[in-house]
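Dropping query.csv in here (CSV, C-alpha atoms and all ligand atoms):
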chain,number,residue,atom,x,y,z
O,1,MET,CA,147.1,190.7,1.0
O,2,ARG,CA,147.3,187.8,-1.4
O,3,GLU,CA,146.2,188.2,-4.9
O,4,ARG,CA,143.0,186.4,-5.8
O,5,ILE,CA,143.4,183.6,-8.3
O,6,HIS,CA,140.7,183.4,-11.0
O,7,ALA,CA,140.4,179.9,-12.3
O,8,ARG,CA,140.8,180.0,-16.0
O,9,VAL,CA,140.8,176.3,-16.5
O,10,PRO,CA,138.4,173.8,-15.1
O,11,ALA,CA,139.9,171.4,-12.6
O,12,PRO,CA,140.2,168.0,-14.3
O,13,HIS,CA,137.8,165.3,-13.1
O,14,GLY,CA,139.1,163.6,-10.0
O,15,THR,CA,140.9,166.7,-8.5
O,16,THR,CA,141.0,166.3,-4.7
O,17,MET,CA,142.2,168.3,-1.8
O,18,CYS,CA,143.1,167.3,1.7
O,19,ARG,CA,144.7,169.0,4.6
O,20,ILE,CA,147.5,166.7,5.9
O,21,GLY,CA,149.5,168.0,8.8
O,22,ASP,CA,150.1,171.7,8.1
O,23,GLN,CA,149.9,171.3,4.4
O,24,LEU,CA,146.9,171.6,2.0
O,25,ILE,CA,147.5,169.0,-0.7
O,26,VAL,CA,145.8,169.4,-4.0
O,27,HIS,CA,145.9,166.3,-6.2
O,28,VAL,CA,145.5,167.0,-9.8
O,29,PRO,CA,145.2,163.9,-12.0
O,30,GLY,CA,147.3,163.9,-15.2
O,31,ALA,CA,151.0,164.4,-15.0
O,32,GLN,CA,151.1,167.2,-17.6
O,33,SER,CA,148.0,168.9,-16.4
O,34,VAL,CA,147.7,172.6,-17.3
O,35,VAL,CA,146.0,173.1,-13.9
O,36,ALA,CA,149.1,171.9,-12.1
O,37,GLU,CA,151.1,174.4,-14.2
O,38,VAL,CA,148.7,177.2,-13.3
O,39,LEU,CA,148.9,176.3,-9.6
O,40,HIS,CA,152.7,176.2,-9.8
O,41,GLU,CA,153.0,179.5,-11.5
O,42,SER,CA,150.6,181.2,-9.1
O,43,GLY,CA,153.3,181.3,-6.4
O,44,LEU,CA,150.8,180.1,-3.9
O,45,VAL,CA,151.9,176.5,-4.2
O,46,GLU,CA,155.0,175.5,-2.4
O,47,ARG,CA,155.9,172.6,-4.6
O,48,THR,CA,154.4,170.5,-7.3
O,49,VAL,CA,155.3,166.8,-7.4
O,50,ALA,CA,154.9,164.5,-10.4
O,51,ASP,CA,153.1,161.5,-8.9
O,52,HIS,CA,152.1,158.2,-10.5
O,53,SER,CA,150.7,156.7,-7.3
O,54,ASP,CA,147.1,155.5,-7.4
O,55,ALA,CA,146.8,156.6,-3.7
O,56,PRO,CA,148.7,159.8,-3.7
O,57,LEU,CA,147.1,161.4,-0.6
O,58,THR,CA,148.0,158.3,1.6
O,59,ASP,CA,151.5,158.1,0.1
O,60,ARG,CA,154.4,158.7,2.5
O,61,GLN,CA,155.5,161.5,0.2
O,62,ALA,CA,152.4,163.5,1.3
O,63,ASN,CA,153.7,163.7,4.9
O,64,PRO,CA,157.2,162.2,5.1
O,65,LEU,CA,157.4,162.5,8.9
O,66,GLY,CA,154.2,160.5,9.4
O,67,SER,CA,150.8,161.6,10.5
O,68,VAL,CA,149.4,161.6,14.0
O,69,VAL,CA,145.6,161.1,14.3
O,70,ALA,CA,143.7,162.5,17.2
O,71,LEU,CA,140.9,160.2,18.5
O,72,GLY,CA,139.3,162.6,21.0
O,73,GLY,CA,140.4,163.9,24.3
O,74,THR,CA,144.2,163.6,24.5
O,75,ALA,CA,144.2,160.2,22.7
O,76,THR,CA,146.3,160.1,19.6
O,77,VAL,CA,147.7,157.4,17.3
O,78,GLY,CA,151.0,157.8,15.5
O,79,GLY,CA,154.3,159.4,16.4
O,80,VAL,CA,156.4,157.8,19.1
O,81,ASP,CA,153.6,156.8,21.4
O,82,PHE,CA,151.8,153.5,21.2
O,83,ALA,CA,148.0,153.5,21.5
O,84,LEU,CA,145.9,150.8,23.1
O,85,ILE,CA,142.3,150.6,22.1
O,86,ALA,CA,140.4,147.9,23.9
O,87,GLY,CA,136.9,146.7,24.7
O,88,PRO,CA,134.4,144.0,24.0
O,89,CYS,CA,133.6,142.9,20.5
O,90,ALA,CA,129.9,143.9,21.0
O,91,VAL,CA,128.0,146.2,23.3
O,92,GLU,CA,125.7,144.0,25.3
O,93,THR,CA,124.6,145.9,28.4
O,94,HIS,CA,125.6,149.1,30.3
O,95,GLU,CA,127.0,146.9,33.1
O,96,GLN,CA,129.2,144.9,30.7
O,97,MET,CA,130.5,148.1,28.9
O,98,SER,CA,131.1,149.8,32.2
O,99,ALA,CA,133.1,147.0,33.7
O,100,SER,CA,135.0,146.4,30.5
O,101,ALA,CA,135.8,150.1,30.2
O,102,GLU,CA,137.2,150.1,33.7
O,103,MET,CA,139.4,147.2,32.8
O,104,ALA,CA,140.5,148.8,29.5
O,105,LYS,CA,141.4,152.0,31.3
O,106,ALA,CA,143.2,150.3,34.2
O,107,GLY,CA,145.4,148.5,31.6
O,108,GLY,CA,146.4,151.7,29.9
O,109,ALA,CA,143.9,151.9,27.0
O,110,VAL,CA,143.3,155.4,25.6
O,111,ALA,CA,140.0,154.5,23.8
O,112,LEU,CA,137.1,152.1,24.2
O,113,ARG,CA,136.0,149.8,21.4
O,114,GLY,CA,132.7,148.0,21.0
O,115,GLY,CA,130.3,147.2,18.2
O,116,ALA,CA,126.6,148.4,18.2
O,117,PHE,CA,126.1,147.4,14.5
O,118,LYS,CA,127.7,144.1,14.0
O,119,PRO,CA,128.4,142.7,10.5
O,120,ARG,CA,128.1,139.0,11.3
O,121,SER,CA,128.9,136.2,8.8
O,122,SER,CA,125.8,134.4,9.8
O,123,PRO,CA,122.4,136.1,9.9
O,124,TYR,CA,121.6,134.0,13.0
O,125,SER,CA,124.5,135.4,15.1
O,126,PHE,CA,123.9,138.3,17.5
O,127,GLN,CA,123.6,141.4,15.3
O,128,GLY,CA,124.3,144.0,17.9
O,129,LEU,CA,122.0,146.4,19.9
O,130,GLY,CA,122.0,149.1,17.1
O,131,ASP,CA,120.9,152.5,18.4
O,132,GLU,CA,120.6,151.3,22.0
O,133,GLY,CA,124.2,150.1,21.8
O,134,LEU,CA,125.3,153.5,20.6
O,135,ARG,CA,123.6,155.2,23.5
O,136,ILE,CA,125.2,152.8,26.0
O,137,MET,CA,128.6,153.4,24.5
O,138,ALA,CA,128.2,157.2,24.5
O,139,LYS,CA,127.1,157.1,28.2
O,140,VAL,CA,130.1,154.9,29.2
O,141,GLY,CA,132.4,157.2,27.2
O,142,THR,CA,131.2,160.2,29.2
O,143,GLU,CA,131.4,158.3,32.5
O,144,THR,CA,135.0,157.1,31.8
O,145,GLY,CA,136.4,159.9,29.7
O,146,LEU,CA,137.4,157.4,27.0
O,147,PRO,CA,136.8,158.2,23.4
O,148,ILE,CA,134.5,155.7,21.8
O,149,VAL,CA,135.4,153.6,18.7
O,150,THR,CA,132.6,151.8,17.0
O,151,GLU,CA,131.8,150.3,13.6
O,152,VAL,CA,129.7,151.8,10.8
O,153,VAL,CA,128.2,149.3,8.4
O,154,ASP,CA,125.9,151.4,6.2
O,155,PRO,CA,126.2,154.9,4.7
O,156,ALA,CA,122.6,155.6,5.9
O,157,THR,CA,123.6,155.3,9.6
O,158,VAL,CA,127.0,157.1,9.4
O,159,GLN,CA,125.6,160.4,10.7
O,160,LEU,CA,123.8,158.7,13.6
O,161,VAL,CA,126.9,156.8,14.6
O,162,ALA,CA,129.0,160.0,14.3
O,163,GLU,CA,126.7,161.7,16.7
O,164,HIS,CA,127.4,159.1,19.4
O,165,ALA,CA,130.9,158.0,18.7
O,166,ASP,CA,134.3,159.7,18.6
O,167,VAL,CA,135.9,157.4,16.0
O,168,LEU,CA,134.2,155.5,13.2
O,169,GLN,CA,135.5,152.0,12.4
O,170,VAL,CA,135.1,150.4,8.9
O,171,GLY,CA,135.3,146.7,9.3
O,172,THR,CA,137.1,144.1,7.1
O,173,ARG,CA,133.8,143.2,5.4
O,174,ASN,CA,133.2,146.7,4.3
O,175,ALA,CA,136.8,147.7,3.5
O,176,GLN,CA,135.9,148.2,-0.2
O,177,ASN,CA,132.4,149.5,0.3
O,178,PHE,CA,133.2,152.7,-1.6
O,179,SER,CA,129.9,154.5,-0.8
O,180,LEU,CA,130.6,153.9,2.9
O,181,LEU,CA,134.2,155.1,2.6
O,182,LYS,CA,133.0,158.3,0.9
O,183,ALA,CA,130.4,158.8,3.7
O,184,VAL,CA,132.8,158.3,6.5
O,185,GLY,CA,135.2,160.7,4.7
O,186,GLN,CA,132.5,163.4,5.1
O,187,ALA,CA,131.4,162.6,8.7
O,188,GLY,CA,133.9,164.8,10.5
O,189,ARG,CA,135.2,161.9,12.7
O,190,PRO,CA,138.5,160.0,12.7
O,191,VAL,CA,138.3,156.6,11.0
O,192,VAL,CA,139.8,153.2,11.9
O,193,LEU,CA,140.0,151.4,8.6
O,194,LYS,CA,140.4,147.7,8.8
O,195,ARG,CA,142.2,145.9,6.0
O,196,GLY,CA,139.8,143.8,3.9
O,197,PHE,CA,140.7,140.2,4.5
O,198,GLY,CA,141.0,139.7,0.7
O,199,CYS,CA,142.8,143.0,0.0
O,200,THR,CA,146.4,143.6,-1.0
O,201,VAL,CA,148.2,146.4,0.8
O,202,GLY,CA,147.7,148.5,-2.3
O,203,GLU,CA,144.0,148.0,-2.3
O,204,TRP,CA,143.8,148.8,1.4
O,205,LEU,CA,145.7,152.1,0.8
O,206,GLN,CA,143.3,152.9,-2.1
O,207,ALA,CA,140.4,152.3,0.3
O,208,ALA,CA,142.0,154.8,2.7
O,209,GLU,CA,142.5,157.2,-0.3
O,210,TYR,CA,138.7,157.3,-0.7
O,211,VAL,CA,138.4,158.7,2.8
O,212,LEU,CA,141.2,161.3,2.4
O,213,ALA,CA,139.9,162.3,-1.0
O,214,ALA,CA,136.6,163.1,0.7
O,215,GLY,CA,138.6,165.6,2.8
O,216,ASN,CA,139.2,163.5,5.9
O,217,PRO,CA,143.0,163.0,6.7
O,218,ASP,CA,142.3,161.3,10.0
O,219,VAL,CA,142.6,157.7,9.1
O,220,VAL,CA,144.2,155.0,11.2
O,221,LEU,CA,144.9,151.8,9.3
O,222,CYS,CA,144.3,148.5,11.1
O,223,GLU,CA,145.8,145.1,10.0
O,224,ARG,CA,143.5,142.4,11.2
O,225,GLY,CA,144.5,139.4,9.2
O,226,ILE,CA,144.0,138.1,5.7
O,227,ARG,CA,142.4,134.9,4.4
O,228,SER,CA,144.9,132.2,3.7
O,229,TYR,CA,144.9,128.4,3.5
O,230,GLU,CA,145.9,128.1,7.2
O,231,PRO,CA,143.0,127.1,9.5
O,232,ALA,CA,145.0,127.1,12.8
O,233,THR,CA,144.2,130.8,13.2
O,234,ARG,CA,141.0,132.5,12.2
O,235,PHE,CA,142.9,134.6,9.7
O,236,THR,CA,146.6,135.1,9.0
O,237,LEU,CA,147.8,138.2,10.7
O,238,ASP,CA,150.1,139.8,8.1
O,239,LEU,CA,152.7,141.7,10.2
O,240,SER,CA,154.9,142.2,7.2
O,241,ALA,CA,152.1,144.5,5.9
O,242,VAL,CA,152.7,146.8,8.9
O,243,ALA,CA,156.3,147.3,7.9
O,244,VAL,CA,155.2,147.8,4.2
O,245,VAL,CA,152.6,150.4,5.2
O,246,LYS,CA,154.9,152.3,7.5
O,247,HIS,CA,157.3,152.5,4.5
O,248,ASN,CA,154.8,153.4,1.8
O,249,SER,CA,152.3,155.6,3.7
O,250,HIS,CA,152.2,158.4,6.3
O,251,LEU,CA,149.1,157.0,8.0
O,252,PRO,CA,149.4,155.4,11.4
O,253,VAL,CA,148.8,151.6,11.5
O,254,ILE,CA,147.5,149.5,14.4
O,255,VAL,CA,147.1,145.8,14.6
O,256,ASP,CA,144.1,143.7,15.8
O,257,PRO,CA,145.5,140.3,17.0
O,258,SER,CA,142.1,139.3,18.4
O,259,HIS,CA,140.2,139.1,15.1
O,260,GLY,CA,143.5,138.1,13.4
O,261,THR,CA,144.0,134.9,15.5
O,262,GLY,CA,140.6,134.2,17.0
O,263,HIS,CA,142.1,132.5,20.1
O,264,ARG,CA,142.9,134.3,23.3
O,265,HIS,CA,146.1,132.4,23.9
O,266,LEU,CA,147.5,133.8,20.7
O,267,VAL,CA,146.6,137.4,21.3
O,268,LYS,CA,149.6,138.2,23.5
O,269,PRO,CA,152.4,136.8,21.3
O,270,LEU,CA,151.0,138.5,18.2
O,271,ALA,CA,150.4,141.8,20.1
O,272,LEU,CA,154.0,141.8,21.2
O,273,ALA,CA,155.2,141.0,17.7
O,274,ALA,CA,153.1,143.9,16.3
O,275,ALA,CA,154.7,146.3,18.8
O,276,ALA,CA,158.2,145.0,17.8
O,277,VAL,CA,157.5,145.3,14.0
O,278,GLY,CA,156.6,149.0,14.3
O,279,ALA,CA,152.8,149.2,14.7
O,280,ASP,CA,151.5,152.4,16.3
O,281,GLY,CA,149.0,150.6,18.5
O,282,LEU,CA,146.7,147.7,19.1
O,283,LEU,CA,142.9,147.0,18.9
O,284,ILE,CA,142.2,144.3,21.5
O,285,ASP,CA,139.0,142.4,22.4
O,286,ILE,CA,138.6,142.3,26.2
O,287,HIS,CA,135.5,141.4,28.3
O,288,ASN,CA,134.7,141.5,31.9
O,289,ASP,CA,133.3,138.0,31.6
O,290,PRO,CA,134.5,136.3,28.4
O,291,ALA,CA,132.5,133.1,29.0
O,292,SER,CA,129.3,135.1,28.7
O,293,ALA,CA,130.3,137.2,25.6
O,294,LEU,CA,127.7,137.3,22.9
O,295,CYS,CA,130.3,137.8,20.2
O,296,ASP,CA,133.8,136.3,19.6
O,297,ALA,CA,134.0,134.9,23.1
O,298,ASP,CA,137.0,132.7,22.3
O,299,GLN,CA,139.3,135.7,21.6
O,300,ALA,CA,138.3,138.0,24.4
O,301,LEU,CA,140.9,138.6,27.1
O,302,ASP,CA,139.8,138.5,30.8
O,303,ARG,CA,141.3,140.9,33.3
O,304,GLU,CA,144.3,138.8,34.1
O,305,ARG,CA,145.3,138.1,30.5
O,306,TRP,CA,144.7,141.8,29.6
O,307,PHE,CA,147.0,143.0,32.4
O,308,ASP,CA,149.5,140.3,31.6
O,309,LEU,CA,149.6,141.6,28.0
O,310,THR,CA,149.9,145.3,28.8
O,311,GLY,CA,152.7,144.6,31.3
O,312,ALA,CA,154.7,142.6,28.7
O,313,LEU,CA,154.0,145.2,26.1
O,314,ARG,CA,155.6,147.9,28.1
O,315,GLY,CA,158.8,145.9,28.1
O,316,VAL,CA,158.8,145.4,24.3
O,317,LEU,CA,158.0,149.0,23.7
O,318,ALA,CA,160.8,150.2,25.9
O,319,GLY,CA,163.1,148.0,23.8
O,320,VAL,CA,162.1,149.8,20.6
O,321,GLY,CA,162.3,153.2,22.2
O,322,ARG,CA,158.5,153.8,22.5
O,323,GLY,CA,156.0,153.9,25.3
O,324,LEU,CA,152.2,153.7,25.7
O,325,THR,CA,150.2,156.8,24.9
O,326,LEU,CA,149.4,158.4,28.3
O,327,ARG,CA,146.0,159.7,29.3
O,328,GLU,CA,145.3,163.1,30.8
O,329,PRO,CA,145.7,162.3,34.5
O,330,GLU,CA,149.0,160.5,33.9
O,331,LEU,CA,150.2,163.5,31.8
O,332,ALA,CA,149.3,165.8,34.7
O,333,VAL,CA,151.3,163.6,37.2
O,334,GLN,CA,154.3,163.8,34.9
O,335,ALA,CA,154.2,167.6,34.4
R,1,LIG,C1,135.4,144.1,15.0
R,1,LIG,O1,136.5,144.8,15.3
R,1,LIG,O2,134.5,144.1,15.8
R,1,LIG,C2,135.3,143.4,13.8
R,1,LIG,C3,134.1,142.9,13.4
R,1,LIG,O3,136.4,143.3,13.1
R,1,LIG,P1,136.7,142.8,11.6
R,1,LIG,O4,136.0,143.8,10.8
R,1,LIG,O5,138.2,143.0,11.5
R,1,LIG,O6,136.3,141.4,11.5
R,2,MN,MN,134.4,140.5,16.7

Would you give me this structure, written as structure tokens?
Ligand code: PEP
Ligand code: MN
Amino acid sequence: MRERIHARVPAPHGTTMCRIGDQLIVHVPGAQSVVAEVLHESGLVERTVADHSDAPLTDRQANPLGSVVALGGTATVGGVDFALIAGPCAVETHEQMSASAEMAKAGGAVALRGGAFKPRSSPYSFQGLGDEGLRIMAKVGTETGLPIVTEVVDPATVQLVAEHADVLQVGTRNAQNFSLLKAVGQAGRPVVLKRGFGCTVGEWLQAAEYVLAAGNPDVVLCERGIRSYEPATRFTLDLSAVAVVKHNSHLPVIVDPSHGTGHRHLVKPLALAAAAVGADGLLIDIHNDPASALCDADQALDRERWFDLTGALRGVLAGVGRGLTLREPELAVQA
């Protein structure tokens, strides 16, 4: 039996712990910390690493082989498989979610996206169905077996959203809402963290660090474009950031070419480029009837464009030695 350690020194302010892969990582601020020495000498710590990063838990060093995040069911993001998450920008009706979910699934998506709480730039735009939207999504999730990914905009509703959804999304406008990041870190659900459109890669990783420091290692980063001087696209999709993040962090990273470009004809080329550059998946706006979409209609793919995209994607992925993440029935067929 292991000897019990009696703490003789108080942990310095800011000490955090997070289980990443099969390791428990304790981050003790202060390079010469006496606590680090005590831990090292206890024999219970495998190694101590001097670290000067301001986001040590997200640093590649914390899990050099890269993390795989489980979304629910058999859906994962990270590793060799490439994950597709698709669905409408906003939940509108049960019929719309149901038809869009069927499309998502038929194209190979492993999870369904859709916003119930929508952070809109204008107060006059459709703000989402709120609680009712959550109930619709949860029902469609049960009917289709797809894990549900939906946005949280407020620490006060994190628990409510976590009761209905499998994955919590933090949007670009809340990417540095630190009380929200702490709350999702404690919600017991995986998190898709969009890059703030005004954030550097370093600031984005520090935002992720808030979630890990709250004890939640299940963070999927999502590049969705940054603000630049270029008006031809809604934002400027920064695909170089994907390569930078893959080098600097162990967290999986996906790309949202729908919000990044704002135009449906640009979604496919940028999606293929994201797969080629090493992203671990895509977040794509699709809609059973884009012309009637209440939110971001110009960027939503219809059935034909969605299938065209997923077909082309399979080719690019094969070229880089990867494939789409398979769902349970497909895995059963392969076994
Ligand atoms: C969304 O994915 O619905 C969304 C609002 O995205 P973003 O936060 O990237 O604008
Ligand atoms: Mn949108």

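Among the candidate residues O:Asp256, O:Glu46, O:Glu304, O:Asp296, the one lying nearest to Ile284 in chain O is O:Asp256, with distances computed using only C-alpha atoms.
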
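Nearest to Pro12 in chain O of all the residues O:Tyr124, O:Val34, O:Gly319, O:Pro190 is O:Val34, based on all atoms listed in the file.
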
Which one is closest to ligand MN 2 (chain R): O:Ala62, O:Ala36, O:Leu309, O:Ala116? Count only C-alpha atoms and all ligand atoms.
->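 Going through O:Ala62, O:Ala36, O:Leu309, O:Ala116 one by one, the smallest distance to ligand MN 2 (chain R) is for O:Ala116.
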
Given a cut-off of 10 Å, what residues near ligand MN 2 (chain R) show up using only C-alpha atoms and all ligand atoms, put as a list of chain:residue names?
-> O:Pro88, O:Cys89, O:Ala90, O:Gly114, O:Gly115, O:Lys118, O:Pro119, O:Arg120, O:Gly171, O:Ser258, O:His259, O:Gly260, O:Gly262, O:Ile284, O:Asp285, O:Leu294, O:Cys295, O:Asp296, O:Ala297, O:Asp298, O:Gln299, O:Ala300

I need the residues from that last selection saved to file as a compact mmCIF listing (two decimals), keeping the file's coordinate frame (with C-alpha atoms), if you can.
# COMPACT_ATOMS: atom_id res chain seq x y z
CA PRO O 88 134.40 144.00 24.00
CA CYS O 89 133.60 142.90 20.50
CA ALA O 90 129.90 143.90 21.00
CA GLY O 114 132.70 148.00 21.00
CA GLY O 115 130.30 147.20 18.20
CA LYS O 118 127.70 144.10 14.00
CA PRO O 119 128.40 142.70 10.50
CA ARG O 120 128.10 139.00 11.30
CA GLY O 171 135.30 146.70 9.30
CA SER O 258 142.10 139.30 18.40
CA HIS O 259 140.20 139.10 15.10
CA GLY O 260 143.50 138.10 13.40
CA GLY O 262 140.60 134.20 17.00
CA ILE O 284 142.20 144.30 21.50
CA ASP O 285 139.00 142.40 22.40
CA LEU O 294 127.70 137.30 22.90
CA CYS O 295 130.30 137.80 20.20
CA ASP O 296 133.80 136.30 19.60
CA ALA O 297 134.00 134.90 23.10
CA ASP O 298 137.00 132.70 22.30
CA GLN O 299 139.30 135.70 21.60
CA ALA O 300 138.30 138.00 24.40

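Shortest atom-to-atom contact with ligand LIG 1 (chain R) among O:Ile136, O:Val244, O:Ala183, O:Val192: O:Val192, counting only C-alpha atoms and all ligand atoms.
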
Excluding Arg303 in chain O and any residue of its chain fewer than 3 positions from it, enumerate the residues within 9 Å of it, using only C-alpha atoms, and give them as a list in words.
->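 Returned residues: Ser100, Met103, Ala104, Gly107, Ile286, His287, Asn288, Asp289, Trp306, Phe307 and Asp308 of chain O.
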
Between CA of Lys105 in chain O and CA of Asp218 in chain O, what is the distance, to one decimal in Å?
-> 23.3 Å

Could you tell me which of O:Val153, O:Val316, O:Ala187, O:Val219 comes closest to ligand LIG 1 (chain R) if we count all atoms listed in the file?
->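 That would be O:Val153, the residue with the smallest distance to ligand LIG 1 (chain R).
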
Enter the distance from CA of Ser121 in chain O to CA of Arg234 in chain O, in Å, rounded to one decimal.
->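 Atom-to-atom, CA of Ser121 in chain O and CA of Arg234 in chain O are spaced 13.1 Å apart.
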